[in-house]
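*Asks:* Take a look at the following structure, please.
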Amino acid sequence: MNIKAIICDWAGTTVDFGCMAPVKVFVDVFAQQGVEVSLEEARKPMGLAKKSHIEALLADSAIAARWKAKFGKAPEASDADFLYGLLEPQLAKTVISHNDIIPGTLELQQWCRANGVKFGSTTGYVSSMMDNIVDAVAAKGFTPDCIVSSDAVPAGRPAPFMVYENMKRMNVWPASKMVKLGDTAADMGEGVNAGLWTIGFTLSGNEAGLTRDEYERLTPTEKATISARAAAKLKAAGAHYVCDGIWDVIPILEEINSKI
């Protein structure tokens, strides 16, 4: 086995089909201030550390205009701090009810262990959010070898530091023999900046924004259309490969293994 490690994202990649927990809380936090943010707008910066996500939303021209109309001034750094202070405890509670394991995750975990491949992970969540989900998914069998939250490093995605921290904690290298899996452009950026192979998921996570039930009701034509749109964004962000979800990833890993 030439692949030394897999580094997975969490929401939208391994758990929480459709990446539903964070997007709802972002919308709600802004709504509490009387500023409308659509689901589509809230998803655009997904994958970033959550504080950076809020800053990106406030920097969006349309959202900034609504903020100014409400408060009479453009958003400031202090506003991002205030919103994040509201978001962190709300999201820490919300993730508890979004701990479904995406089909294929446990099969990939088994494949890694059968082949001597380390199975690490990174997330845009901070430790207080992850504390509420790690035990719940462990009870269902999902126990990655390493979990690095965005508050454990100097900067979250697309910076490579969470991947580097995985490498250090799991004592695995080189990056050229590792693979990053994720469902956002920020995930792809993280993998590319760390020097990893990257695989983007088009239908299980943020780019499609579908619950598992909504996904399963799609016709083949609808799936193809949504997947193609998501694939274009992920490839533009650096994905070497794309597929619908983690349930399709093992054949791609075997291809990467042969190329290495």
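Naming works like this for the structure tokens: A, B, ... for the chains as they're shown, residue 1 at the start of each chain, ligands 1 onward in shown order.
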Could you pull out the residues in stretch 13-241 of chain A that DSSP calls strand (DSSP E) from the backbone, as a short mmCIF file (atom, residue, chain, number, x, y, z; two decimals) with all heavy atoms, in the first residue's frame?
*Replies:*
data_model
loop_
_atom_site.label_atom_id
_atom_site.label_comp_id
_atom_site.auth_asym_id
_atom_site.auth_seq_id
_atom_site.Cartn_x
_atom_site.Cartn_y
_atom_site.Cartn_z
N LYS A 118 -3.33 5.21 7.77
CA LYS A 118 -3.82 6.07 8.85
C LYS A 118 -5.08 6.81 8.39
O LYS A 118 -5.21 7.18 7.23
CB LYS A 118 -2.76 7.07 9.27
CG LYS A 118 -1.50 6.46 9.88
CD LYS A 118 -1.78 5.86 11.25
CE LYS A 118 -0.49 5.41 11.92
NZ LYS A 118 -0.73 4.83 13.25
N PHE A 119 -5.99 7.04 9.34
CA PHE A 119 -7.28 7.67 9.02
C PHE A 119 -7.45 8.90 9.91
O PHE A 119 -7.93 8.80 11.04
CB PHE A 119 -8.41 6.66 9.26
CG PHE A 119 -9.76 7.07 8.73
CD1 PHE A 119 -9.90 8.08 7.79
CD2 PHE A 119 -10.90 6.42 9.16
CE1 PHE A 119 -11.14 8.45 7.30
CE2 PHE A 119 -12.15 6.77 8.68
CZ PHE A 119 -12.27 7.79 7.75
N GLY A 120 -7.03 10.06 9.40
CA GLY A 120 -7.11 11.30 10.16
C GLY A 120 -8.29 12.15 9.73
O GLY A 120 -9.06 11.79 8.84
N SER A 121 -8.42 13.32 10.37
CA SER A 121 -9.55 14.19 10.03
C SER A 121 -9.27 15.63 10.43
O SER A 121 -8.51 15.90 11.36
CB SER A 121 -10.83 13.71 10.73
OG SER A 121 -10.72 13.80 12.14
N MET A 178 -0.42 11.00 0.71
CA MET A 178 -1.62 11.16 1.53
C MET A 178 -2.73 11.74 0.68
O MET A 178 -2.48 12.36 -0.36
CB MET A 178 -1.33 12.06 2.73
CG MET A 178 -0.27 11.49 3.67
SD MET A 178 0.32 12.68 4.90
CE MET A 178 -1.20 13.05 5.76
N VAL A 179 -3.99 11.55 1.11
CA VAL A 179 -5.16 11.98 0.32
C VAL A 179 -6.13 12.73 1.22
O VAL A 179 -6.47 12.26 2.31
CB VAL A 179 -5.89 10.77 -0.30
CG1 VAL A 179 -7.01 11.26 -1.22
CG2 VAL A 179 -4.92 9.87 -1.07
N LYS A 180 -6.58 13.89 0.75
CA LYS A 180 -7.57 14.70 1.47
C LYS A 180 -8.94 14.49 0.83
O LYS A 180 -9.09 14.61 -0.38
CB LYS A 180 -7.19 16.18 1.40
CG LYS A 180 -8.22 17.13 2.04
CD LYS A 180 -8.31 16.92 3.54
CE LYS A 180 -9.16 17.97 4.23
NZ LYS A 180 -10.57 17.97 3.87
N LEU A 181 -9.94 14.19 1.66
CA LEU A 181 -11.31 14.03 1.20
C LEU A 181 -12.18 15.13 1.80
O LEU A 181 -12.10 15.40 3.00
CB LEU A 181 -11.87 12.66 1.65
CG LEU A 181 -11.01 11.42 1.43
CD1 LEU A 181 -11.77 10.18 1.92
CD2 LEU A 181 -10.63 11.27 -0.03
N GLY A 182 -13.03 15.75 0.97
CA GLY A 182 -13.90 16.80 1.50
C GLY A 182 -14.97 17.19 0.51
O GLY A 182 -14.99 16.75 -0.64
N TRP A 197 -2.93 14.60 -2.42
CA TRP A 197 -3.94 14.31 -3.43
C TRP A 197 -5.28 14.76 -2.83
O TRP A 197 -5.48 14.69 -1.62
CB TRP A 197 -3.99 12.81 -3.72
CG TRP A 197 -2.77 12.24 -4.36
CD1 TRP A 197 -1.61 11.87 -3.76
CD2 TRP A 197 -2.60 11.95 -5.75
NE1 TRP A 197 -0.72 11.37 -4.68
CE2 TRP A 197 -1.30 11.41 -5.92
CE3 TRP A 197 -3.42 12.10 -6.88
CZ2 TRP A 197 -0.80 11.01 -7.16
CZ3 TRP A 197 -2.92 11.70 -8.12
CH2 TRP A 197 -1.64 11.17 -8.26
N THR A 198 -6.21 15.19 -3.68
CA THR A 198 -7.50 15.66 -3.17
C THR A 198 -8.65 15.02 -3.94
O THR A 198 -8.60 14.88 -5.16
CB THR A 198 -7.62 17.19 -3.30
OG1 THR A 198 -7.42 17.56 -4.67
CG2 THR A 198 -6.59 17.89 -2.44
N ILE A 199 -9.70 14.64 -3.19
CA ILE A 199 -10.92 14.09 -3.78
C ILE A 199 -12.10 14.87 -3.22
O ILE A 199 -12.28 14.95 -2.00
CB ILE A 199 -11.09 12.59 -3.46
CG1 ILE A 199 -9.86 11.80 -3.90
CG2 ILE A 199 -12.35 12.04 -4.14
CD1 ILE A 199 -9.90 10.32 -3.50
N GLY A 200 -12.91 15.43 -4.12
CA GLY A 200 -14.07 16.22 -3.71
C GLY A 200 -15.37 15.44 -3.88
O GLY A 200 -15.53 14.71 -4.86
N PHE A 201 -16.29 15.62 -2.95
CA PHE A 201 -17.58 14.93 -2.97
C PHE A 201 -18.67 15.91 -3.42
O PHE A 201 -18.86 16.96 -2.81
CB PHE A 201 -17.92 14.35 -1.61
CG PHE A 201 -16.93 13.31 -1.14
CD1 PHE A 201 -16.69 13.11 0.21
CD2 PHE A 201 -16.23 12.53 -2.05
CE1 PHE A 201 -15.78 12.15 0.64
CE2 PHE A 201 -15.32 11.57 -1.63
CZ PHE A 201 -15.09 11.38 -0.28
N TYR A 241 -9.67 14.50 -8.15
CA TYR A 241 -10.77 13.62 -8.51
C TYR A 241 -12.04 14.13 -7.83
O TYR A 241 -11.98 14.81 -6.81
CB TYR A 241 -10.53 12.18 -8.02
CG TYR A 241 -9.38 11.46 -8.68
CD1 TYR A 241 -8.08 11.59 -8.18
CD2 TYR A 241 -9.58 10.60 -9.76
CE1 TYR A 241 -7.02 10.92 -8.76
CE2 TYR A 241 -8.53 9.92 -10.34
CZ TYR A 241 -7.26 10.08 -9.84
OH TYR A 241 -6.21 9.40 -10.42
#
*Asks:* Could you give me, as a Markdown table, every stretch 104-126 of chain A residue with an atom at most 10 Å from stretch 10-30 of chain A, plus its closest atom pair and distance in Å to one decimal, counting only C-alpha atoms, rows ordered by chain then number?
*Replies:*
| residue | atom | partner | partner_atom | distance |
| --- | --- | --- | --- | --- |
| A:Gly104 | CA | A:Thr14 | CA | 8.2 |
| A:Thr105 | CA | A:Thr14 | CA | 5.6 |
| A:Leu106 | CA | A:Thr14 | CA | 8.8 |
| A:Leu108 | CA | A:Thr14 | CA | 9.8 |
| A:Ser121 | CA | A:Trp10 | CA | 7.2 |
| A:Thr122 | CA | A:Trp10 | CA | 7.0 |
| A:Thr123 | CA | A:Trp10 | CA | 5.8 |
| A:Gly124 | CA | A:Trp10 | CA | 8.4 |
| A:Tyr125 | CA | A:Trp10 | CA | 8.8 |
*Asks:* Please report the interatomic distance between atom CA of A:Arg212 and atom CA of A:Ile226 in Å with one decimal.
*Replies:*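 Those two atoms sit 14.3 Å apart.
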*Asks:* For stretch 232-236 of chain A, please output as a PDB file with all heavy atoms, in the first residue's frame all residues within 8 Å (counting only C-alpha atoms; exclusion window: fewer than 3 positions along the same chain).
*Replies:*
ATOM      1  N   ASP A 183     -15.880  18.058   0.975  1.00  0.00           N
ATOM      2  CA  ASP A 183     -17.037  18.442   0.163  1.00  0.00           C
ATOM      3  C   ASP A 183     -17.088  19.927  -0.149  1.00  0.00           C
ATOM      4  O   ASP A 183     -18.078  20.405  -0.692  1.00  0.00           O
ATOM      5  CB  ASP A 183     -18.336  18.028   0.883  1.00  0.00           C
ATOM      6  CG  ASP A 183     -18.529  18.767   2.202  1.00  0.00           C
ATOM      7  OD1 ASP A 183     -17.710  18.585   3.114  1.00  0.00           O
ATOM      8  OD2 ASP A 183     -19.491  19.536   2.321  1.00  0.00           O
ATOM      9  N   THR A 184     -16.023  20.674   0.187  1.00  0.00           N
ATOM     10  CA  THR A 184     -16.028  22.115  -0.064  1.00  0.00           C
ATOM     11  C   THR A 184     -14.757  22.545  -0.799  1.00  0.00           C
ATOM     12  O   THR A 184     -13.742  21.845  -0.785  1.00  0.00           O
ATOM     13  CB  THR A 184     -16.107  22.911   1.251  1.00  0.00           C
ATOM     14  OG1 THR A 184     -14.890  22.720   1.989  1.00  0.00           O
ATOM     15  CG2 THR A 184     -17.312  22.503   2.087  1.00  0.00           C
ATOM     16  N   ALA A 185     -14.828  23.737  -1.390  1.00  0.00           N
ATOM     17  CA  ALA A 185     -13.649  24.310  -2.034  1.00  0.00           C
ATOM     18  C   ALA A 185     -12.532  24.517  -1.016  1.00  0.00           C
ATOM     19  O   ALA A 185     -11.347  24.326  -1.324  1.00  0.00           O
ATOM     20  CB  ALA A 185     -14.017  25.629  -2.705  1.00  0.00           C
ATOM     21  N   MET A 188     -10.576  21.391  -0.561  1.00  0.00           N
ATOM     22  CA  MET A 188      -9.650  21.157  -1.660  1.00  0.00           C
ATOM     23  C   MET A 188      -8.424  22.060  -1.522  1.00  0.00           C
ATOM     24  O   MET A 188      -7.286  21.621  -1.724  1.00  0.00           O
ATOM     25  CB  MET A 188     -10.337  21.397  -3.002  1.00  0.00           C
ATOM     26  CG  MET A 188     -11.559  20.500  -3.263  1.00  0.00           C
ATOM     27  SD  MET A 188     -11.227  18.722  -3.225  1.00  0.00           S
ATOM     28  CE  MET A 188     -11.733  18.290  -1.540  1.00  0.00           C
ATOM     29  N   GLY A 200     -12.915  15.434  -4.124  1.00  0.00           N
ATOM     30  CA  GLY A 200     -14.069  16.219  -3.710  1.00  0.00           C
ATOM     31  C   GLY A 200     -15.367  15.442  -3.884  1.00  0.00           C
ATOM     32  O   GLY A 200     -15.528  14.708  -4.859  1.00  0.00           O
ATOM     33  N   THR A 202     -19.391  15.537  -4.454  1.00  0.00           N
ATOM     34  CA  THR A 202     -20.315  16.465  -5.100  1.00  0.00           C
ATOM     35  C   THR A 202     -21.743  16.429  -4.575  1.00  0.00           C
ATOM     36  O   THR A 202     -22.459  17.419  -4.673  1.00  0.00           O
ATOM     37  CB  THR A 202     -20.358  16.200  -6.618  1.00  0.00           C
ATOM     38  OG1 THR A 202     -20.797  14.845  -6.835  1.00  0.00           O
ATOM     39  CG2 THR A 202     -18.987  16.396  -7.249  1.00  0.00           C
ATOM     40  N   ALA A 228     -22.460  17.640 -11.663  1.00  0.00           N
ATOM     41  CA  ALA A 228     -21.589  18.335 -12.618  1.00  0.00           C
ATOM     42  C   ALA A 228     -21.315  19.766 -12.172  1.00  0.00           C
ATOM     43  O   ALA A 228     -20.177  20.264 -12.287  1.00  0.00           O
ATOM     44  CB  ALA A 228     -22.226  18.322 -14.003  1.00  0.00           C
ATOM     45  N   ARG A 229     -22.337  20.425 -11.658  1.00  0.00           N
ATOM     46  CA  ARG A 229     -22.167  21.802 -11.184  1.00  0.00           C
ATOM     47  C   ARG A 229     -21.202  21.848  -9.994  1.00  0.00           C
ATOM     48  O   ARG A 229     -20.316  22.695  -9.931  1.00  0.00           O
ATOM     49  CB  ARG A 229     -23.526  22.385 -10.806  1.00  0.00           C
ATOM     50  CG  ARG A 229     -23.466  23.843 -10.355  1.00  0.00           C
ATOM     51  CD  ARG A 229     -24.853  24.438 -10.211  1.00  0.00           C
ATOM     52  NE  ARG A 229     -25.627  23.763  -9.166  1.00  0.00           N
ATOM     53  CZ  ARG A 229     -26.751  23.094  -9.387  1.00  0.00           C
ATOM     54  NH1 ARG A 229     -27.226  22.972 -10.611  1.00  0.00           N
ATOM     55  NH2 ARG A 229     -27.403  22.529  -8.385  1.00  0.00           N
ATOM     56  N   ALA A 239      -9.378  20.003  -6.820  1.00  0.00           N
ATOM     57  CA  ALA A 239      -9.647  18.568  -6.691  1.00  0.00           C
ATOM     58  C   ALA A 239      -8.989  17.793  -7.829  1.00  0.00           C
ATOM     59  O   ALA A 239      -9.158  18.134  -8.996  1.00  0.00           O
ATOM     60  CB  ALA A 239     -11.150  18.321  -6.694  1.00  0.00           C
ATOM     61  N   HIS A 240      -8.255  16.737  -7.474  1.00  0.00           N
ATOM     62  CA  HIS A 240      -7.687  15.857  -8.491  1.00  0.00           C
ATOM     63  C   HIS A 240      -8.748  14.894  -9.024  1.00  0.00           C
ATOM     64  O   HIS A 240      -8.709  14.499 -10.186  1.00  0.00           O
ATOM     65  CB  HIS A 240      -6.522  15.054  -7.906  1.00  0.00           C
ATOM     66  CG  HIS A 240      -5.357  15.895  -7.493  1.00  0.00           C
ATOM     67  ND1 HIS A 240      -5.068  16.198  -6.189  1.00  0.00           N
ATOM     68  CD2 HIS A 240      -4.411  16.522  -8.241  1.00  0.00           C
ATOM     69  CE1 HIS A 240      -3.982  16.958  -6.136  1.00  0.00           C
ATOM     70  NE2 HIS A 240      -3.569  17.168  -7.367  1.00  0.00           N
ATOM     71  N   TYR A 241      -9.673  14.503  -8.147  1.00  0.00           N
ATOM     72  CA  TYR A 241     -10.775  13.622  -8.512  1.00  0.00           C
ATOM     73  C   TYR A 241     -12.040  14.126  -7.834  1.00  0.00           C
ATOM     74  O   TYR A 241     -11.977  14.807  -6.809  1.00  0.00           O
ATOM     75  CB  TYR A 241     -10.528  12.180  -8.022  1.00  0.00           C
ATOM     76  CG  TYR A 241      -9.381  11.455  -8.675  1.00  0.00           C
ATOM     77  CD1 TYR A 241      -8.080  11.594  -8.182  1.00  0.00           C
ATOM     78  CD2 TYR A 241      -9.585  10.601  -9.760  1.00  0.00           C
ATOM     79  CE1 TYR A 241      -7.021  10.917  -8.758  1.00  0.00           C
ATOM     80  CE2 TYR A 241      -8.533   9.921 -10.343  1.00  0.00           C
ATOM     81  CZ  TYR A 241      -7.260  10.078  -9.840  1.00  0.00           C
ATOM     82  OH  TYR A 241      -6.211   9.401 -10.418  1.00  0.00           O
ATOM     83  N   VAL A 242     -13.190  13.772  -8.386  1.00  0.00           N
ATOM     84  CA  VAL A 242     -14.473  14.032  -7.735  1.00  0.00           C
ATOM     85  C   VAL A 242     -15.342  12.780  -7.857  1.00  0.00           C
ATOM     86  O   VAL A 242     -15.174  11.979  -8.776  1.00  0.00           O
ATOM     87  CB  VAL A 242     -15.226  15.236  -8.347  1.00  0.00           C
ATOM     88  CG1 VAL A 242     -14.475  16.536  -8.116  1.00  0.00           C
ATOM     89  CG2 VAL A 242     -15.484  15.022  -9.840  1.00  0.00           C
TER      90      VAL A 242
END
*Asks:* Please indicate the distance in Å from atom CA of A:Gln32 to atom CA of A:Ala64, rounded to one decimal place.
*Replies:*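 Straight-line distance from atom CA of A:Gln32 to atom CA of A:Ala64 works out to 15.7 Å.
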*Asks:* Taking the chain letters and numbering used in this document, name the residues of stretch 11-122 of chain A that DSSP puts in helix (DSSP H, G or I), as a PyMOL selection string.
*Replies:* chain A and resi 20-31+39-43+50-59+61-71+77-97+105-114
*Asks:* May I ask which of the residues A:Ala155, A:Ala56, A:Ala237, A:Ala194 is the closest one to A:Trp173, counting only C-alpha atoms?
*Replies:*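 Counting only C-alpha atoms, the residue closest to A:Trp173 is A:Ala194.
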*Asks:* Which residues are near A:Ile256? Cut-off 8 Å, only C-alpha atoms, ignore same chain within fewer than 4 positions. Put them as a list in words.
*Replies:*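 Answer for this query is Ile3, Ile252 and Ile260 of chain A.
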*Asks:* Quick one: write out the picked residues with all heavy atoms as a short mmCIF file (atom, residue, chain, number, x, y, z; two decimals), in the first residue's frame?
*Replies:*
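Result file follows (out.cif):
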data_model
loop_
_atom_site.label_atom_id
_atom_site.label_comp_id
_atom_site.auth_asym_id
_atom_site.auth_seq_id
_atom_site.Cartn_x
_atom_site.Cartn_y
_atom_site.Cartn_z
N ILE A 3 -0.36 4.50 -0.36
CA ILE A 3 -1.02 5.58 0.38
C ILE A 3 -0.72 5.39 1.86
O ILE A 3 -0.90 4.31 2.41
CB ILE A 3 -2.54 5.58 0.14
CG1 ILE A 3 -2.85 5.95 -1.32
CG2 ILE A 3 -3.23 6.55 1.09
CD1 ILE A 3 -4.32 5.84 -1.67
N ILE A 252 -11.27 5.01 -6.31
CA ILE A 252 -10.40 6.14 -6.64
C ILE A 252 -9.11 6.06 -5.85
O ILE A 252 -8.01 6.31 -6.37
CB ILE A 252 -11.12 7.47 -6.39
CG1 ILE A 252 -12.37 7.59 -7.25
CG2 ILE A 252 -10.18 8.65 -6.67
CD1 ILE A 252 -13.22 8.82 -6.97
N ILE A 260 0.83 6.44 -7.32
CA ILE A 260 1.95 6.71 -6.44
C ILE A 260 3.05 5.67 -6.64
O ILE A 260 4.24 6.00 -6.69
CB ILE A 260 1.49 6.72 -4.96
CG1 ILE A 260 0.54 7.90 -4.70
CG2 ILE A 260 2.68 6.82 -4.02
CD1 ILE A 260 -0.10 7.90 -3.32
#
*Asks:* Please indicate the distance in Å from atom CA of A:Glu190 to atom CA of A:Met162, rounded to one decimal place.
*Replies:*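 Value for the atom CA of A:Glu190-atom CA of A:Met162 distance: 8.3 Å.
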*Asks:* As a PyMOL selection string, please: the residues near stretch 148-153 of chain A (cut-off 12 Å, only C-alpha atoms, same-chain neighbours under 2 positions excluded).
*Replies:* chain A and resi 7-10+47-53+119-131+134+144-146+155-170+190
*Asks:* Next, write the just-selected residues to a file, as a tab-separated table (two decimals), in the first residue's frame, keeping N, CA and C atoms as the atom set.
*Replies:*
chain	number	residue	atom	x	y	z
A	7	ILE	N	-7.03	11.87	5.01
A	7	ILE	CA	-7.48	12.95	5.90
A	7	ILE	C	-8.87	13.38	5.46
A	8	CYS	N	-9.86	13.09	6.29
A	8	CYS	CA	-11.26	13.39	5.94
A	8	CYS	C	-11.76	14.66	6.62
A	9	ASP	N	-12.67	15.33	5.97
A	9	ASP	CA	-13.48	16.37	6.60
A	9	ASP	C	-14.57	15.68	7.43
A	10	TRP	N	-15.30	16.46	8.19
A	10	TRP	CA	-16.42	15.93	8.97
A	10	TRP	C	-17.75	16.25	8.28
A	47	GLY	N	-16.62	25.37	5.01
A	47	GLY	CA	-15.33	24.70	5.08
A	47	GLY	C	-14.29	25.52	5.81
A	48	LEU	N	-14.50	26.84	5.86
A	48	LEU	CA	-13.59	27.70	6.61
A	48	LEU	C	-13.82	27.49	8.10
A	49	ALA	N	-12.86	27.92	8.91
A	49	ALA	CA	-13.11	28.01	10.35
A	49	ALA	C	-14.32	28.91	10.55
A	50	LYS	N	-15.13	28.61	11.56
A	50	LYS	CA	-16.42	29.29	11.68
A	50	LYS	C	-16.31	30.79	11.90
A	51	LYS	N	-15.27	31.24	12.60
A	51	LYS	CA	-15.07	32.69	12.74
A	51	LYS	C	-14.75	33.31	11.38
A	52	SER	N	-13.90	32.65	10.61
A	52	SER	CA	-13.58	33.14	9.26
A	52	SER	C	-14.81	33.11	8.36
A	53	HIS	N	-15.68	32.13	8.57
A	53	HIS	CA	-16.92	32.01	7.81
A	53	HIS	C	-17.79	33.24	8.05
A	119	PHE	N	-5.99	7.04	9.34
A	119	PHE	CA	-7.28	7.67	9.02
A	119	PHE	C	-7.45	8.90	9.91
A	120	GLY	N	-7.03	10.06	9.40
A	120	GLY	CA	-7.11	11.30	10.16
A	120	GLY	C	-8.29	12.15	9.73
A	121	SER	N	-8.42	13.32	10.37
A	121	SER	CA	-9.55	14.19	10.03
A	121	SER	C	-9.27	15.63	10.43
A	122	THR	N	-9.90	16.55	9.71
A	122	THR	CA	-9.86	17.97	10.02
A	122	THR	C	-11.28	18.51	9.96
A	123	THR	N	-11.50	19.66	10.57
A	123	THR	CA	-12.85	20.23	10.59
A	123	THR	C	-12.80	21.74	10.79
A	124	GLY	N	-13.81	22.41	10.26
A	124	GLY	CA	-13.97	23.83	10.51
A	124	GLY	C	-14.57	24.12	11.87
A	125	TYR	N	-15.07	23.08	12.54
A	125	TYR	CA	-15.59	23.23	13.89
A	125	TYR	C	-14.45	23.46	14.88
A	126	VAL	N	-14.75	24.13	15.99
A	126	VAL	CA	-13.78	24.26	17.07
A	126	VAL	C	-14.02	23.14	18.07
A	127	SER	N	-13.12	23.02	19.04
A	127	SER	CA	-13.16	21.88	19.96
A	127	SER	C	-14.47	21.78	20.73
A	128	SER	N	-15.03	22.91	21.14
A	128	SER	CA	-16.27	22.88	21.92
A	128	SER	C	-17.42	22.28	21.11
A	129	MET	N	-17.39	22.46	19.80
A	129	MET	CA	-18.40	21.87	18.93
A	129	MET	C	-18.14	20.37	18.74
A	130	MET	N	-16.88	20.01	18.53
A	130	MET	CA	-16.54	18.61	18.30
A	130	MET	C	-16.77	17.76	19.55
A	131	ASP	N	-16.62	18.36	20.73
A	131	ASP	CA	-16.82	17.60	21.97
A	131	ASP	C	-18.21	16.98	22.02
A	134	VAL	N	-18.14	13.80	18.93
A	134	VAL	CA	-17.16	12.71	18.83
A	134	VAL	C	-17.66	11.44	19.51
A	144	PRO	N	-11.96	7.88	13.93
A	144	PRO	CA	-10.73	8.19	13.20
A	144	PRO	C	-9.52	8.22	14.12
A	145	ASP	N	-8.36	8.01	13.55
A	145	ASP	CA	-7.13	7.96	14.34
A	145	ASP	C	-6.73	9.32	14.88
A	146	CYS	N	-7.20	10.38	14.23
A	146	CYS	CA	-6.81	11.73	14.65
A	146	CYS	C	-7.93	12.71	14.29
A	155	ALA	N	-4.25	28.84	11.82
A	155	ALA	CA	-5.28	29.25	10.85
A	155	ALA	C	-5.94	28.01	10.28
A	156	GLY	N	-7.26	28.10	10.08
A	156	GLY	CA	-7.99	26.99	9.49
A	156	GLY	C	-7.87	26.99	7.97
A	157	ARG	N	-8.73	26.21	7.33
A	157	ARG	CA	-8.71	26.12	5.88
A	157	ARG	C	-8.89	27.48	5.22
A	158	PRO	N	-8.28	27.67	4.04
A	158	PRO	CA	-7.53	26.69	3.24
A	158	PRO	C	-6.06	26.53	3.63
A	159	ALA	N	-5.67	27.10	4.77
A	159	ALA	CA	-4.29	26.88	5.25
A	159	ALA	C	-4.08	25.38	5.51
A	160	PRO	N	-2.86	24.92	5.40
A	160	PRO	CA	-2.58	23.47	5.51
A	160	PRO	C	-2.32	22.98	6.93
A	161	PHE	N	-2.45	23.85	7.93
A	161	PHE	CA	-1.94	23.52	9.26
A	161	PHE	C	-2.67	22.36	9.94
A	162	MET	N	-3.97	22.20	9.71
A	162	MET	CA	-4.66	21.06	10.33
A	162	MET	C	-4.17	19.74	9.75
A	163	VAL	N	-3.84	19.73	8.46
A	163	VAL	CA	-3.25	18.54	7.86
A	163	VAL	C	-1.89	18.27	8.46
A	164	TYR	N	-1.07	19.31	8.60
A	164	TYR	CA	0.26	19.13	9.20
A	164	TYR	C	0.15	18.58	10.62
A	165	GLU	N	-0.85	19.06	11.37
A	165	GLU	CA	-1.03	18.58	12.74
A	165	GLU	C	-1.41	17.10	12.75
A	166	ASN	N	-2.24	16.68	11.78
A	166	ASN	CA	-2.54	15.26	11.62
A	166	ASN	C	-1.26	14.47	11.36
A	167	MET	N	-0.43	14.98	10.47
A	167	MET	CA	0.82	14.28	10.13
A	167	MET	C	1.70	14.12	11.37
A	168	LYS	N	1.77	15.18	12.17
A	168	LYS	CA	2.60	15.13	13.37
A	168	LYS	C	2.04	14.14	14.39
A	169	ARG	N	0.74	14.24	14.66
A	169	ARG	CA	0.14	13.39	15.69
A	169	ARG	C	0.14	11.92	15.29
A	170	MET	N	-0.05	11.65	13.99
A	170	MET	CA	-0.09	10.25	13.55
A	170	MET	C	1.28	9.74	13.10
A	190	GLU	N	-7.19	23.22	1.26
A	190	GLU	CA	-6.40	22.69	2.36
A	190	GLU	C	-5.51	21.55	1.88
*Asks:* Which one is closest to A:Arg66: A:Gln33, A:Asn99, A:Thr94, A:Ser176? Count only C-alpha atoms.
*Replies:*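 Nearest candidate to A:Arg66 out of A:Gln33, A:Asn99, A:Thr94, A:Ser176: A:Gln33.
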*Asks:* When distances are computed from only C-alpha atoms, which of A:Asn132, A:Gln110, A:Ser78, A:Asn171 shows the smallest separation from A:Lys93?
*Replies:*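 Among A:Asn132, A:Gln110, A:Ser78, A:Asn171, it is A:Asn132 that comes nearest to A:Lys93.
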*Asks:* Identify which of the residues A:Asp100, A:Glu254, A:Glu36, A:Glu214 lies closest to A:Asn115, counting only C-alpha atoms when measuring atom-to-atom distances.
*Replies:* A:Glu254
*Asks:* Just checking: using only C-alpha atoms, which residue out of A:Asp135, A:Glu255, A:Asp187, A:Asp248 ends up closest to A:Glu107?
*Replies:* A:Asp248
